Structures are given as structure tokens and as C-alpha cells.
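**Student:** Below: one structure in C-alpha cells.
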Amino acid sequence: MERIELDLRRLTSVANLHQHLYKVLALPKYYGCNLDALHDCLTERAEATELVISARVTEEKYLGAYGEALLQVLQDAAEENPSLKVTIK
């Protein structure tokens with residue numbers, strides 16, 4: 001299983017978040033850089049993957065409310081895709 005830790009330092013804006021996800025998850029070129037597109041890509045992911053993210057992403061100096069939505073999308077995708085595991089620390 002590939003383990004990917006999302007770098008909290010790169011999650012200080014929505015644009016930085018999606019750029020970081022695009023790179024570290026090797027998302028397709030058509031990735032729409034939004035949470036719906038992320039959900040779609042993660043539920044289609046065939047490789048066994050563990051995503052590790054800090055709960056601090058919900059703090060205002062990071063993504064705030066968007067961080068809360070991100071955590072929900074990650075958890076929803078993991079529930080739908082048995083190849084995906086999400087660890088929130």
C-alpha cells in the first residue's frame with residue numbers, strides 16, 4: 001500500500017491544496033481542481049493508497065471550512081473505495 005502524507009505546509013490555500021493533490025496523487029490532466037473532481041478521482045483509484053492528513057487542516061491559518069469539507073470528501077471517498085484508506089491525525 002502506498003502511503004501519502006499530505007504536507008500541511010502546502011495546504012494554506014485552495015489553489016495550493018489542489019496543486020499539491022494533483023502532484024502527489026498523480027491525478028489525471030483533466031482533474032478539475034475542486035472537491036467534486038477529487039472525490040471522483042479518489043473513488044476511481046485502483047492502487048491501494050493510504051492518505052494521511054492532519055486535522056489541523058481545518059484551522060483558519062490553513063483551509064478553515066474548506067479543510068472541513070476536504071476531510072469529509074476524503075472520508076466519503078474511502079467509504080466508497082476499498083483501495084483507499086484515510087488517516088486523520
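Labeling convention for the C-alpha cells: chains A, B, ... as they appear, residues from 1 per chain, ligands from 1 in order of appearance.
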Run DSSP on the backbone and grab whatever in range 23-80 of chain A lands in alpha helix (DSSP H); send it over as a tab-separated table (two decimals) with C-alpha atoms, in the first residue's frame.

**Tutor:**
chain	number	residue	atom	x	y	z
A	23	LYS	CA	1.13	16.29	-7.97
A	24	VAL	CA	1.34	13.80	-5.09
A	35	LEU	CA	-13.66	18.72	-4.25
A	36	ASP	CA	-16.17	17.02	-6.55
A	37	ALA	CA	-13.41	16.18	-9.01
A	38	LEU	CA	-11.19	14.97	-6.16
A	39	HIS	CA	-13.95	12.66	-4.94
A	40	ASP	CA	-14.41	11.25	-8.43
A	41	CYS	CA	-10.68	10.63	-8.88
A	42	LEU	CA	-10.29	9.01	-5.47
A	43	THR	CA	-13.26	6.69	-5.86
A	44	GLU	CA	-11.83	5.53	-9.20
A	65	ALA	CA	-14.14	25.50	6.45
A	66	TYR	CA	-12.76	24.24	3.13
A	67	GLY	CA	-10.48	21.95	5.16
A	68	GLU	CA	-13.55	20.53	6.91
A	69	ALA	CA	-15.14	19.87	3.53
A	70	LEU	CA	-11.89	18.27	2.32
A	71	LEU	CA	-11.82	15.86	5.26
A	72	GLN	CA	-15.42	14.89	4.57
A	73	VAL	CA	-14.68	14.26	0.88
A	74	LEU	CA	-11.67	12.11	1.78
A	75	GLN	CA	-13.70	10.08	4.25
A	76	ASP	CA	-16.59	9.67	1.81
A	77	ALA	CA	-14.24	8.51	-0.94
A	78	ALA	CA	-12.60	5.99	1.41
A	79	GLU	CA	-16.02	4.58	2.31
A	80	GLU	CA	-16.78	4.06	-1.38

**Student:** Could you pull out all residues of chain A with a DSSP call of strand (DSSP E or B) and give them as a PyMOL selection string?

**Tutor:** chain A and resi 2-5+49-53+84-88

**Student:** Write a file of the selected residues as a tab-separated table (two decimals), in the first residue's frame, keeping C-alpha atoms.

**Tutor:**
chain	number	residue	atom	x	y	z
A	2	GLU	CA	1.33	3.39	-0.97
A	3	ARG	CA	1.30	5.84	1.94
A	4	ILE	CA	0.96	9.53	1.04
A	5	GLU	CA	1.21	12.15	3.74
A	49	THR	CA	-3.39	4.02	-1.09
A	50	GLU	CA	-3.37	5.46	2.41
A	51	LEU	CA	-3.77	9.22	2.63
A	52	VAL	CA	-2.55	10.77	5.86
A	53	ILE	CA	-3.69	14.29	6.71
A	84	LEU	CA	-8.37	3.89	-0.28
A	85	LYS	CA	-7.65	4.45	3.40
A	86	VAL	CA	-7.71	7.87	5.03
A	87	THR	CA	-5.91	8.55	8.29
A	88	ILE	CA	-6.63	11.84	10.04

**Student:** Which residues are near Tyr22 in chain A? Cut-off 12 Å, only C-alpha atoms, ignore same chain within fewer than 3 positions. Put them as number ranges by chain.

**Tutor:** A: 6, 15-19, 25-35, 37-38, 41-42

**Student:** Pick out the residues sitting within 9 Å of Leu8 in chain A, and hand them over as a list in words; count only C-alpha atoms, and ignore anything fewer than 4 positions along from it in its own chain.

**Tutor:**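 The contact residues come out as Thr12, Ile53, Ser54, Arg56, Val57 and Tyr62 of chain A.
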
**Student:** Let's have the selection written as a compact mmCIF listing (two decimals), in the first residue's frame, with N, CA, C and O atoms.

**Tutor:**
# COMPACT_ATOMS: atom_id res chain seq x y z
N THR A 12 -2.32 25.82 2.45
CA THR A 12 -2.65 27.14 3.00
C THR A 12 -3.62 27.92 2.12
O THR A 12 -4.04 29.00 2.49
N ILE A 53 -3.51 12.85 6.67
CA ILE A 53 -3.69 14.29 6.71
C ILE A 53 -3.91 14.73 8.14
O ILE A 53 -4.51 14.01 8.94
N SER A 54 -3.43 15.90 8.45
CA SER A 54 -3.60 16.45 9.79
C SER A 54 -4.98 17.08 9.93
O SER A 54 -5.45 17.79 9.04
N ARG A 56 -5.49 19.47 11.62
CA ARG A 56 -5.23 20.92 11.69
C ARG A 56 -5.57 21.63 10.38
O ARG A 56 -5.63 22.85 10.35
N VAL A 57 -5.81 20.89 9.33
CA VAL A 57 -6.15 21.49 8.04
C VAL A 57 -7.42 22.35 8.17
O VAL A 57 -7.65 23.25 7.37
N TYR A 62 -4.84 27.47 7.84
CA TYR A 62 -4.72 26.52 6.73
C TYR A 62 -5.95 26.70 5.83
O TYR A 62 -6.07 27.71 5.16

**Student:** Rounded to one decimal in Å, what is the spacing between CA of Asp7 in chain A and CA of Ser83 in chain A?

**Tutor:** 21.4 Å
